[in-house]
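Asker: The structure is given below, and queries will be raised subsequently.
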Amino acid sequence: MALIGSRKDIAKNDMNFFAAFTESARKTAQILLTAILIGLIFVGAFVIWWLYWIFSNMGVKSDIKDLQNKLADPMYADLEIEAQALQDEINERNQYYYALTEMRRCVDQKTPADTALCDLLGESIPNDSYVAAYELTGSQFTIEGFSFTYYGALNMVNILQDSDVFYTPLDIAIEHVNLDDVSAGSAEDMMTNPIDSYYAYKVVGNITSTAYISVAQYVNVDGQIISINGIETTEYTIGSTYEYSDISSVEYNGIVYTLSSVEVNKVAVDADTLNSIITTDKVTGTANADAEISFIYQVSETTTEDAEGGES
């Protein structure tokens, strides 16, 4: 009976099997070695990071301890008191600076009296008019009196304007009055008016071409109004526009204050105007005459609530 295959073929198959098995084992060993090397790299990186963190933390703790020891030195014991004293000195100097700028504002707004103005006014009075009083305040010239005709005051203004006395805008008020309303002095100086028609007039205008707009900021600290800087006085041409922006909030002594009131010539603006100023974050206007603008701030409710939350 013949055998299936020869012994030579069986030996060859056995050799091929062992060769494949050896190659597979070698590849498996390489993969395992690679995995072990990658693992060692990750472990080494973690150990290095951990050691760095330990030494870094030790360094921070050492710096904190050194700082605590330094602050414990007697020379630093009164730092808080000294800081408050410096803040008080800054506040005092700030108020002094405010006083200086206030005096400078007064000087800027003082218009030298024109001695020829009175003579010019006397020469400009029409025959049918009488000047009861006149006043020069800063750059504003006011004339009051009476006239036989409605156009008497207008004629006088036209004569003055021939010499460029007033700058626009010019405010003129004229109203009909009875003889009893006319002052005794004017009745004696004026010719008897057979028509018994009298007009009282008041003319107000600027005699200079410039106006000074002064701006100051104040904070309300426990009911006390404190200026946070000096008064900024700017010269504008009469009739030109001015604008002040970024006014909705200020920081004073590390505390944020929000705009709560705006005053123009010491008179607070109405609620609608204030809301518009806060919304647009600016104040605009026309420089018709000298004006003082004050921005008053107080601590916002949000800031107060945050501070109380932090203390609790």
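Letters for chains follow the order of the structure tokens (A, B, ...), residue numbers begin at 1 for each chain, and ligand numbers begin at 1 in the order shown.
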Which residues are near range 267-273 of chain A? Cut-off 12 Å, only C-alpha atoms, ignore same chain within fewer than 3 positions. Put them as a ChimeraX atom specification.

Answerer: /A:260-264,276-284,291-296

Asker: Between A:Tyr236, A:Ser249, A:Ile225, A:Phe146, which one has atoms that come closest to Tyr199 in chain A, using only C-alpha atoms?

Answerer: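 Result for the nearest residue to Tyr199 in chain A: A:Phe146.
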
Asker: I'd like the contact shell of range 202-213 of chain A - 6 Å cut-off, only C-alpha atoms, skipping same-chain residues fewer than 2 positions apart - returned as a count of residues only.

Answerer: 23

Asker: Taking only C-alpha atoms into account, name the residue in A:Cys118, A:Ile228, A:Val215, A:Leu32 that is nearest to Tyr244 in chain A.

Answerer: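 When distances to Tyr244 in chain A are compared using only C-alpha atoms, the smallest one comes from A:Val215.
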
Asker: Could you pull out all residues of range 25-258 of chain A with a DSSP call of strand (DSSP E or B) and give them as a VMD selection string?

Answerer: chain A and resid 129 to 137 140 to 147 167 to 177 198 to 206 210 to 221 224 to 227 232 to 237 241 to 245 249 to 252 255 to 258

Asker: To one decimal place, how far is CA of Thr258 in chain A from CA of Asn229 in chain A in Å?

Answerer: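 Distance reported for this atom pair: 15.8 Å.
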
Asker: Report the distance between CA of Val47 in chain A and CA of Lys65 in chain A in Å, rounded to one decimal place.

Answerer: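 Between CA of Val47 in chain A and CA of Lys65 in chain A the gap is 26.8 Å.
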
Asker: Using only C-alpha atoms, pick whichever of A:Ala200, A:Ala287, A:Ala72, A:Val250 has the shortest atom-to-atom distance to Tyr218 in chain A.

Answerer: A:Val250
